[in-house]
$ cat work_15.tsv   # TSV, C-alpha atoms
chain	number	residue	atom	x	y	z
A	1	MET	CA	-140.21	265.04	-176.66
A	2	ARG	CA	-143.51	263.49	-175.67
A	3	ILE	CA	-144.88	264.97	-172.47
A	4	ARG	CA	-146.30	262.41	-170.06
A	5	PRO	CA	-149.96	263.27	-169.39
A	6	LEU	CA	-150.80	264.31	-165.87
A	7	ILE	CA	-153.31	261.99	-164.28
A	8	THR	CA	-156.18	263.85	-162.67
A	9	ALA	CA	-158.82	262.80	-160.28
A	10	LEU	CA	-162.33	262.94	-158.91
A	11	ALA	CA	-163.94	263.37	-155.57
A	12	LEU	CA	-164.68	260.48	-153.36
A	13	GLY	CA	-168.01	258.71	-153.16
A	14	ALA	CA	-169.60	258.31	-149.76
A	15	GLY	CA	-167.75	255.95	-147.47
A	16	ALA	CA	-164.75	255.27	-149.70
A	17	LEU	CA	-162.24	256.73	-147.28
A	18	GLY	CA	-163.44	254.33	-144.65
A	19	ALA	CA	-161.56	254.13	-141.38
A	20	ASN	CA	-158.38	255.58	-142.88
A	21	LEU	CA	-159.60	259.13	-142.23
A	22	ALA	CA	-158.48	258.54	-138.66
A	23	HIS	CA	-154.86	258.28	-139.87
A	24	ALA	CA	-152.66	261.31	-140.46
A	25	ASP	CA	-151.08	259.55	-143.44
A	26	LEU	CA	-152.30	257.28	-146.24
A	27	ILE	CA	-150.56	255.07	-148.77
A	28	LEU	CA	-152.24	255.51	-152.17
A	29	ASN	CA	-151.61	253.48	-155.32
A	30	PHE	CA	-153.00	254.68	-158.67
A	31	GLN	CA	-155.48	252.27	-160.29
A	32	ASN	CA	-157.32	253.84	-163.21
A	33	VAL	CA	-159.23	256.78	-164.60
A	34	VAL	CA	-162.98	256.37	-164.17
A	35	ALA	CA	-166.19	258.04	-165.43
A	36	GLY	CA	-164.51	259.38	-168.55
A	37	SER	CA	-161.66	261.77	-169.24
A	38	SER	CA	-160.73	264.40	-171.82
A	39	ASN	CA	-157.29	265.27	-173.18
A	40	GLY	CA	-155.89	268.70	-173.87
A	41	SER	CA	-153.12	271.15	-173.05
A	42	ILE	CA	-152.80	273.49	-170.08
A	43	SER	CA	-150.38	276.22	-169.07
A	44	VAL	CA	-149.67	276.93	-165.41
A	45	LEU	CA	-147.76	280.00	-164.20
A	46	SER	CA	-145.94	279.31	-160.94
A	47	ASN	CA	-143.07	281.27	-159.37
A	48	GLY	CA	-142.57	283.22	-162.57
A	49	THR	CA	-142.26	280.11	-164.74
A	50	VAL	CA	-144.88	278.88	-167.22
A	51	LYS	CA	-145.25	275.11	-167.56
A	52	THR	CA	-147.23	273.78	-170.52
A	53	SER	CA	-148.34	270.14	-170.39
A	54	THR	CA	-150.53	267.69	-172.23
A	55	VAL	CA	-152.93	266.31	-169.64
A	56	SER	CA	-155.84	263.96	-169.15
A	57	ALA	CA	-158.57	265.59	-167.06
A	58	GLY	CA	-161.03	263.25	-165.38
A	59	MET	CA	-161.67	260.97	-162.44
A	60	ILE	CA	-159.10	258.66	-160.94
A	61	SER	CA	-159.17	255.91	-158.33
A	62	PHE	CA	-156.53	254.72	-155.89
A	63	LYS	CA	-156.04	251.67	-153.75
A	64	GLN	CA	-155.52	252.82	-150.17
A	65	LYS	CA	-154.04	251.55	-146.94
A	66	ALA	CA	-152.65	252.88	-143.69
A	67	PRO	CA	-148.85	253.09	-143.43
A	68	GLY	CA	-147.51	249.78	-142.18
A	69	ALA	CA	-150.60	247.82	-143.24
A	70	SER	CA	-149.90	244.66	-145.22
A	71	ALA	CA	-153.08	244.75	-147.30
A	72	TYR	CA	-155.10	247.43	-149.09
A	73	ASP	CA	-158.61	248.34	-147.98
A	74	ASN	CA	-161.52	246.91	-149.94
A	75	ASP	CA	-162.76	250.42	-150.77
A	76	LEU	CA	-161.08	252.48	-153.48
A	77	LEU	CA	-160.39	256.16	-152.93
A	78	ASN	CA	-161.22	258.66	-155.69
A	79	SER	CA	-159.96	262.24	-155.76
A	80	PHE	CA	-159.50	265.36	-157.86
A	81	CYS	CA	-156.06	266.82	-158.48
A	82	ILE	CA	-155.36	270.21	-156.85
A	83	GLU	CA	-151.79	270.61	-158.10
A	84	PRO	CA	-151.85	270.79	-161.92
A	85	LYS	CA	-148.17	271.69	-162.30
A	86	THR	CA	-147.04	268.36	-160.83
A	87	SER	CA	-147.16	264.82	-162.26
A	88	LEU	CA	-148.82	261.91	-160.49
A	89	LEU	CA	-146.54	259.08	-159.42
A	90	ARG	CA	-147.45	255.44	-159.99
A	91	GLY	CA	-146.94	252.85	-157.27
A	92	ASP	CA	-147.30	253.25	-153.50
A	93	THR	CA	-147.06	256.92	-152.49
A	94	LEU	CA	-147.30	258.40	-149.00
A	95	PHE	CA	-149.84	261.22	-148.58
A	96	SER	CA	-150.57	263.33	-145.51
A	97	THR	CA	-154.10	264.57	-144.80
A	98	SER	CA	-155.34	268.05	-143.91
A	99	SER	CA	-158.55	270.06	-143.97
A	100	LEU	CA	-159.77	272.36	-146.72
A	101	ALA	CA	-159.13	275.34	-144.41
A	102	ASP	CA	-155.54	274.22	-143.85
A	103	ARG	CA	-154.91	274.23	-147.60
A	104	PHE	CA	-156.89	277.20	-148.94
A	105	GLY	CA	-158.01	280.68	-147.94
A	106	GLN	CA	-161.68	281.51	-147.42
A	107	PRO	CA	-162.42	282.72	-150.99
A	108	GLN	CA	-161.19	279.44	-152.48
A	109	GLN	CA	-162.93	277.41	-149.77
A	110	ASN	CA	-166.19	279.14	-150.72
A	111	LEU	CA	-165.81	278.39	-154.42
A	112	ILE	CA	-164.67	274.79	-153.97
A	113	SER	CA	-167.55	274.06	-151.60
A	114	ARG	CA	-170.06	275.60	-153.99
A	115	LEU	CA	-168.63	273.70	-156.98
A	116	TYR	CA	-169.05	270.41	-155.15
A	117	ASP	CA	-172.54	271.23	-153.89
A	118	LEU	CA	-173.74	272.14	-157.38
A	119	HIS	CA	-171.97	269.71	-159.69
A	120	TYR	CA	-170.28	266.80	-157.92
A	121	ASP	CA	-173.32	264.57	-158.29
A	122	THR	CA	-173.15	264.94	-162.10
A	123	VAL	CA	-169.60	263.67	-162.41
A	124	SER	CA	-170.53	260.00	-162.73
A	125	SER	CA	-173.80	260.46	-164.59
A	126	VAL	CA	-173.32	263.23	-167.19
A	127	ALA	CA	-171.00	262.87	-170.19
A	128	GLY	CA	-168.09	265.28	-169.97
A	129	ALA	CA	-168.83	266.30	-166.38
A	130	ALA	CA	-165.77	264.60	-164.85
A	131	PRO	CA	-163.16	266.46	-166.96
A	132	ALA	CA	-165.21	269.67	-166.71
A	133	PHE	CA	-165.17	269.36	-162.93
A	134	GLN	CA	-161.40	268.91	-162.93
A	135	LEU	CA	-160.83	271.94	-165.17
A	136	ALA	CA	-163.07	274.11	-162.99
A	137	LEU	CA	-161.32	272.94	-159.82
A	138	TRP	CA	-157.88	273.62	-161.32
A	139	GLU	CA	-158.99	277.15	-162.17
A	140	ILE	CA	-160.23	277.79	-158.62
A	141	VAL	CA	-157.16	276.42	-156.84
A	142	THR	CA	-154.73	278.21	-159.18
A	143	ASP	CA	-156.43	281.56	-159.87
A	144	GLY	CA	-158.83	282.01	-156.98
A	145	ALA	CA	-161.82	284.19	-157.87
A	146	SER	CA	-160.84	285.21	-161.42
A	147	LEU	CA	-162.58	282.07	-162.78
A	148	SER	CA	-161.48	282.30	-166.41
A	149	LEU	CA	-159.87	279.44	-168.32
A	150	SER	CA	-158.53	281.83	-170.95
A	151	SER	CA	-156.58	284.22	-168.69
A	152	GLY	CA	-154.65	284.24	-165.43
A	153	ASN	CA	-152.20	281.71	-163.99
A	154	PHE	CA	-154.10	278.67	-165.26
A	155	LEU	CA	-154.98	278.41	-168.96
A	156	THR	CA	-156.43	275.75	-171.21
A	157	THR	CA	-154.56	276.06	-174.49
A	158	SER	CA	-156.15	273.35	-176.66
A	159	SER	CA	-158.85	270.68	-176.93
A	160	PHE	CA	-160.88	269.21	-173.99
A	161	GLY	CA	-163.92	269.36	-176.32
A	162	GLY	CA	-167.32	269.77	-174.71
A	163	ALA	CA	-165.81	269.51	-171.22
A	164	LEU	CA	-164.21	272.92	-171.71
A	165	THR	CA	-167.56	274.48	-172.63
A	166	MET	CA	-169.21	272.88	-169.60
A	167	ALA	CA	-166.45	274.04	-167.24
A	168	THR	CA	-166.63	277.58	-168.63
A	169	THR	CA	-170.39	277.68	-168.02
A	170	TRP	CA	-169.97	276.47	-164.45
A	171	LEU	CA	-167.23	279.01	-163.74
A	172	THR	CA	-169.34	281.86	-165.13
A	173	GLU	CA	-172.19	280.85	-162.82
A	174	LEU	CA	-169.80	280.59	-159.88
A	175	ALA	CA	-168.43	284.07	-160.61
A	176	THR	CA	-171.94	285.56	-160.45
A	177	TRP	CA	-172.70	283.68	-157.24
A	178	ASN	CA	-169.37	284.72	-155.70
A	179	THR	CA	-170.07	288.39	-156.41
A	180	GLN	CA	-173.43	288.11	-154.67
A	181	LEU	CA	-171.86	286.25	-151.73
A	182	GLY	CA	-169.35	289.02	-151.12
A	183	SER	CA	-167.16	288.55	-148.05
A	184	GLN	CA	-169.44	286.02	-146.36
A	185	PRO	CA	-168.07	282.52	-145.66
A	186	TYR	CA	-169.73	279.55	-147.32
A	187	SER	CA	-169.45	275.92	-146.28
A	188	SER	CA	-170.64	272.88	-148.18
A	189	THR	CA	-174.01	271.60	-147.05
A	190	MET	CA	-173.30	268.11	-148.39
A	191	TYR	CA	-169.60	267.20	-148.13
A	192	ASP	CA	-166.62	267.09	-145.81
A	193	PHE	CA	-163.26	267.66	-147.50
A	194	VAL	CA	-159.85	266.08	-147.04
A	195	ALA	CA	-156.75	267.41	-148.80
A	196	LEU	CA	-154.05	264.83	-149.56
A	197	SER	CA	-150.49	266.09	-149.94
A	198	ALA	CA	-147.34	264.34	-151.16
A	199	GLY	CA	-144.00	266.02	-151.63
A	200	ASN	CA	-143.21	264.16	-154.85
A	201	SER	CA	-146.64	263.66	-156.45
A	202	GLN	CA	-149.83	265.56	-157.30
A	203	ASP	CA	-151.80	266.74	-154.29
A	204	GLN	CA	-155.41	265.56	-154.26
A	205	LEU	CA	-158.78	266.57	-152.84
A	206	THR	CA	-161.36	264.02	-151.77
A	207	VAL	CA	-164.68	264.20	-149.94
A	208	THR	CA	-167.13	262.18	-147.89
A	209	ARG	CA	-170.84	262.82	-148.13
A	210	ARG	CA	-172.47	263.88	-144.89
A	211	ALA	CA	-175.18	261.65	-143.48
A	212	GLN	CA	-178.66	263.12	-143.69
A	213	ASP	CA	-179.99	264.34	-140.36
A	214	VAL	CA	-182.32	261.81	-138.74
A	215	PRO	CA	-184.80	262.97	-136.05
A	216	GLU	CA	-184.14	261.75	-132.51
A	217	PRO	CA	-186.38	258.84	-131.35
A	218	GLY	CA	-188.32	261.20	-129.10
A	219	VAL	CA	-189.05	263.47	-132.04
A	220	LEU	CA	-190.22	260.51	-134.11
A	221	ALA	CA	-192.52	259.46	-131.27
A	222	LEU	CA	-194.03	262.93	-131.07
A	223	LEU	CA	-194.57	262.96	-134.83
A	224	GLY	CA	-196.34	259.61	-134.55
A	225	ILE	CA	-198.59	260.85	-131.74
A	226	GLY	CA	-199.43	263.94	-133.77
A	227	ALA	CA	-200.36	261.85	-136.79
A	228	VAL	CA	-202.65	259.62	-134.72
A	229	ALA	CA	-204.33	262.65	-133.14
A	230	ALA	CA	-204.89	264.26	-136.53
A	231	LEU	CA	-206.43	261.05	-137.87
A	232	ALA	CA	-208.74	260.82	-134.85
A	233	ARG	CA	-209.91	264.40	-135.38
A	234	ARG	CA	-210.69	263.72	-139.04
A	235	ARG	CA	-212.71	260.63	-138.12
A	236	SER	CA	-214.65	262.57	-135.46
A	237	ALA	CA	-215.47	265.29	-137.97
A	238	THR	CA	-216.99	262.77	-140.37
A	239	VAL	CA	-219.22	261.03	-137.80
$ encode --input "work_15.tsv" --output "structure tokens"
Amino acid sequence: MRIRPLITALALGAGALGANLAHADLILNFQNVVAGSSNGSISVLSNGTVKTSTVSAGMISFKQKAPGASAYDNDLLNSFCIEPKTSLLRGDTLFSTSSLADRFGQPQQNLISRLYDLHYDTVSSVAGAAPAFQLALWEIVTDGASLSLSSGNFLTTSSFGGALTMATTWLTELATWNTQLGSQPYSSTMYDFVALSAGNSQDQLTVTRRAQDVPEPGVLALLGIGAVAALARRRSATV
């Protein structure tokens, strides 16, 4: 019997969630896989049962709208899968939203935040990075701090090509960092996370990029005054 590939997903680009973050629920409709994907087989141990599936690891985009809305938003929503043992439904699917802390314990929050801070920006620009990111995220959400794709509750059993090598390298680096971090909490310096949960479809994780801090107008004025004063001193020194 041919196993239907699981559809996986990427994190959201800045602004793509739009105003819908204010809603407790979202209607999502699968559109396509973007920025490349890689096929292979995974095994997931859950509740004493091992499920082996042929999957496509990579980025995915959804149309989105608030429940009851007649039209979809102009912005697409992109997300990474955080439930590898479940298939992704096609068509309109109702998702509820929650925070990263609501979904995961502190050790997994640390690792997810660090993974995004280090490698999310490469997903759309580096070949193989999108499926590598998904594999690394699956390992973190399934196995926690063990961070090995060849042992534990989440295993890659075949293929994925260069994406598997890239994910393994990232996870090795994360393991070293996590040991040095110890019991300290770590929060992303760049992203805010939203977990998307559906009872009958893959749960997803998406992010919005934080706006860069901009100095208050008064601070900008003081900086301007300081620059003028410094220029005046330099001119006086040369007279």
$ atom_distance --input "work_15.tsv" --atom1 "CA of Lys65 (chain A)" --atom2 "CA of Trp138 (chain A)"
26.6 Å
$ atom_distance --input "work_15.tsv" --atom1 "CA of Thr157 (chain A)" --atom2 "CA of Thr142 (chain A)"
15.5 Å
$ residues_around --input "work_15.tsv" --residues "region 87-102 of chain A" --least-positions-apart "6" --cutoff "6 Å" --atoms "only C-alpha atoms" --output "MDAnalysis selection string"
chainID A and resid 6:7 24:30 193:198 201:202
$ atom_distance --input "work_15.tsv" --atom1 "CA of Cys81 (chain A)" --atom2 "CA of Met166 (chain A)"
18.3 Å
$ closest_residue --input "work_15.tsv" --among "A:Ser113, A:Thr168, A:Ser43, A:Gln184" --to "Pro131 (chain A)" --atoms "all atoms listed in the file"
A:Thr168
$ residues_around --input "work_15.tsv" --residues "Met190 (chain A)" --least-positions-apart "2" --cutoff "7 Å" --atoms "all atoms listed in the file" --output "PDB file with C-alpha atoms, in the coordinates of the input"
ATOM      1  CA  ASP A 117    -172.540 271.230-153.890  1.00  0.00           C
ATOM      2  CA  SER A 188    -170.640 272.880-148.180  1.00  0.00           C
ATOM      3  CA  ARG A 209    -170.840 262.820-148.130  1.00  0.00           C
ATOM      4  CA  ARG A 210    -172.470 263.880-144.890  1.00  0.00           C
TER       5      ARG A 210
END
$ closest_residue --input "work_15.tsv" --among "A:Gln180, A:Ser187, A:Asn74, A:Ser41" --to "Gln109 (chain A)" --atoms "all atoms listed in the file"
A:Ser187
$ residues_around --input "work_15.tsv" --residues "Gly58 (chain A)" --least-positions-apart "2" --cutoff "9 Å" --atoms "all atoms listed in the file" --output "number ranges by chain"
A: 7-10, 33-39, 56, 60, 80, 128-135
$ residues_around --input "work_15.tsv" --residues "Leu111 (chain A)" --least-positions-apart "3" --cutoff "12 Å" --atoms "all atoms listed in the file" --output "ChimeraX atom specification"
/A:100,104-108,114-119,136-141,143-147,170-179,181-182,184-188
$ residues_around --input "work_15.tsv" --residues "Ser61 (chain A)" --least-positions-apart "4" --cutoff "6 Å" --atoms "all atoms listed in the file" --output "PyMOL selection string"
chain A and resi 31-32+77-78
$ write_last_selection --input "work_15.tsv" --atoms "C-alpha atoms" --output "PDB file, in the frame of the given file"
ATOM      1  CA  GLN A  31    -155.480 252.270-160.290  1.00  0.00           C
ATOM      2  CA  ASN A  32    -157.320 253.840-163.210  1.00  0.00           C
ATOM      3  CA  LEU A  77    -160.390 256.160-152.930  1.00  0.00           C
ATOM      4  CA  ASN A  78    -161.220 258.660-155.690  1.00  0.00           C
TER       5      ASN A  78
END
$ decode --input "work_15.tsv" --residues "region 49-186 of chain A" --atoms "C-alpha atoms" --output "CSV table (one decimal), in the first residue's frame"
chain,number,residue,atom,x,y,z
A,49,THR,CA,3.6,2.2,18.9
A,50,VAL,CA,6.1,2.8,16.0
A,51,LYS,CA,4.7,4.5,12.9
A,52,THR,CA,6.8,4.5,9.8
A,53,SER,CA,5.9,6.9,7.0
A,54,THR,CA,7.2,8.2,3.7
A,55,VAL,CA,7.2,12.0,4.1
A,56,SER,CA,8.1,15.2,2.3
A,57,ALA,CA,10.0,17.6,4.6
A,58,GLY,CA,10.0,21.2,3.6
A,59,MET,CA,8.1,24.5,3.7
A,60,ILE,CA,4.4,24.8,3.2
A,61,SER,CA,2.0,27.7,2.7
A,62,PHE,CA,-1.7,28.1,3.7
A,63,LYS,CA,-4.4,30.4,2.8
A,64,GLN,CA,-5.8,31.8,6.1
A,65,LYS,CA,-9.0,33.5,7.3
A,66,ALA,CA,-10.8,34.1,10.6
A,67,PRO,CA,-13.7,31.7,11.3
A,68,GLY,CA,-16.9,33.1,9.8
A,69,ALA,CA,-15.0,35.3,7.2
A,70,SER,CA,-16.2,34.9,3.7
A,71,ALA,CA,-12.8,35.6,2.0
A,72,TYR,CA,-9.2,34.6,2.7
A,73,ASP,CA,-6.6,37.2,3.7
A,74,ASN,CA,-4.2,38.4,1.1
A,75,ASP,CA,-1.2,37.2,3.0
A,76,LEU,CA,-0.3,33.5,3.1
A,77,LEU,CA,0.7,31.8,6.3
A,78,ASN,CA,3.7,29.5,6.3
A,79,SER,CA,4.5,27.0,9.1
A,80,PHE,CA,6.6,24.0,10.2
A,81,CYS,CA,4.9,20.8,11.3
A,82,ILE,CA,5.3,19.9,15.0
A,83,GLU,CA,3.3,16.6,14.9
A,84,PRO,CA,5.1,14.2,12.5
A,85,LYS,CA,3.0,11.2,13.4
A,86,THR,CA,-0.2,12.9,11.9
A,87,SER,CA,-1.1,13.6,8.3
A,88,LEU,CA,-2.1,17.1,7.1
A,89,LEU,CA,-5.6,17.5,5.8
A,90,ARG,CA,-6.4,19.3,2.6
A,91,GLY,CA,-9.2,21.9,2.5
A,92,ASP,CA,-10.4,24.3,5.1
A,93,THR,CA,-9.3,23.2,8.6
A,94,LEU,CA,-9.9,24.9,11.9
A,95,PHE,CA,-6.8,25.5,14.1
A,96,SER,CA,-6.6,27.0,17.6
A,97,THR,CA,-3.6,29.1,18.6
A,98,SER,CA,-1.4,29.0,21.6
A,99,SER,CA,2.0,30.1,22.8
A,100,LEU,CA,5.3,28.2,22.6
A,101,ALA,CA,5.2,27.9,26.4
A,102,ASP,CA,1.7,26.4,26.3
A,103,ARG,CA,2.9,23.7,24.0
A,104,PHE,CA,6.4,22.8,25.2
A,105,GLY,CA,8.5,22.6,28.3
A,106,GLN,CA,11.4,24.9,28.9
A,107,PRO,CA,14.1,22.6,27.5
A,108,GLN,CA,12.3,22.3,24.1
A,109,GLN,CA,11.4,26.0,24.1
A,110,ASN,CA,15.2,26.8,24.5
A,111,LEU,CA,16.1,24.5,21.6
A,112,ILE,CA,13.3,25.7,19.3
A,113,SER,CA,14.1,29.3,19.9
A,114,ARG,CA,17.8,28.8,19.3
A,115,LEU,CA,17.1,26.8,16.1
A,116,TYR,CA,15.1,29.7,14.7
A,117,ASP,CA,17.6,32.3,15.8
A,118,LEU,CA,20.4,30.5,14.1
A,119,HIS,CA,18.9,29.0,11.0
A,120,TYR,CA,15.5,30.3,10.1
A,121,ASP,CA,16.9,33.0,7.8
A,122,THR,CA,18.6,30.3,5.7
A,123,VAL,CA,15.4,28.4,4.9
A,124,SER,CA,14.5,30.4,1.8
A,125,SER,CA,18.0,31.1,0.6
A,126,VAL,CA,20.1,28.0,1.1
A,127,ALA,CA,19.5,24.8,-0.9
A,128,GLY,CA,18.4,22.0,1.4
A,129,ALA,CA,17.8,24.3,4.4
A,130,ALA,CA,14.0,24.0,4.4
A,131,PRO,CA,13.9,20.2,4.8
A,132,ALA,CA,16.9,20.2,7.1
A,133,PHE,CA,15.0,22.7,9.4
A,134,GLN,CA,11.9,20.5,9.4
A,135,LEU,CA,13.9,17.4,10.3
A,136,ALA,CA,15.7,19.3,13.1
A,137,LEU,CA,12.5,20.6,14.5
A,138,TRP,CA,10.8,17.2,14.4
A,139,GLU,CA,13.7,15.8,16.4
A,140,ILE,CA,13.4,18.6,19.1
A,141,VAL,CA,9.7,18.3,19.5
A,142,THR,CA,9.7,14.5,19.6
A,143,ASP,CA,12.9,13.7,21.5
A,144,GLY,CA,13.7,16.9,23.5
A,145,ALA,CA,17.4,17.3,24.2
A,146,SER,CA,18.7,13.9,22.8
A,147,LEU,CA,19.1,15.6,19.4
A,148,SER,CA,20.0,12.5,17.3
A,149,LEU,CA,18.2,11.5,14.1
A,150,SER,CA,19.5,7.9,14.4
A,151,SER,CA,18.2,7.1,17.9
A,152,GLY,CA,15.3,7.9,20.2
A,153,ASN,CA,11.6,8.3,19.5
A,154,PHE,CA,12.1,10.1,16.1
A,155,LEU,CA,14.3,8.4,13.5
A,156,THR,CA,15.1,9.1,9.8
A,157,THR,CA,15.2,5.7,8.2
A,158,SER,CA,16.1,6.6,4.6
A,159,SER,CA,17.0,9.3,2.1
A,160,PHE,CA,16.5,13.1,2.6
A,161,GLY,CA,19.9,13.5,0.9
A,162,GLY,CA,22.0,16.5,1.9
A,163,ALA,CA,19.2,17.9,4.1
A,164,LEU,CA,19.9,15.0,6.5
A,165,THR,CA,23.5,15.9,6.7
A,166,MET,CA,22.7,19.6,7.3
A,167,ALA,CA,20.1,18.8,10.0
A,168,THR,CA,22.6,16.5,11.8
A,169,THR,CA,25.2,19.2,11.8
A,170,TRP,CA,22.8,21.7,13.2
A,171,LEU,CA,21.6,19.3,15.9
A,172,THR,CA,25.2,18.5,17.0
A,173,GLU,CA,25.8,22.3,17.4
A,174,LEU,CA,22.6,22.7,19.3
A,175,ALA,CA,23.6,19.8,21.6
A,176,THR,CA,26.9,21.5,22.5
A,177,TRP,CA,25.1,24.8,23.0
A,178,ASN,CA,22.4,23.2,25.2
A,179,THR,CA,25.0,21.6,27.4
A,180,GLN,CA,26.7,25.0,28.0
A,181,LEU,CA,23.3,26.6,28.6
A,182,GLY,CA,22.5,24.2,31.4
A,183,SER,CA,19.2,24.9,33.2
A,184,GLN,CA,19.0,28.6,32.2
A,185,PRO,CA,16.0,29.7,30.1
A,186,TYR,CA,16.5,31.0,26.6
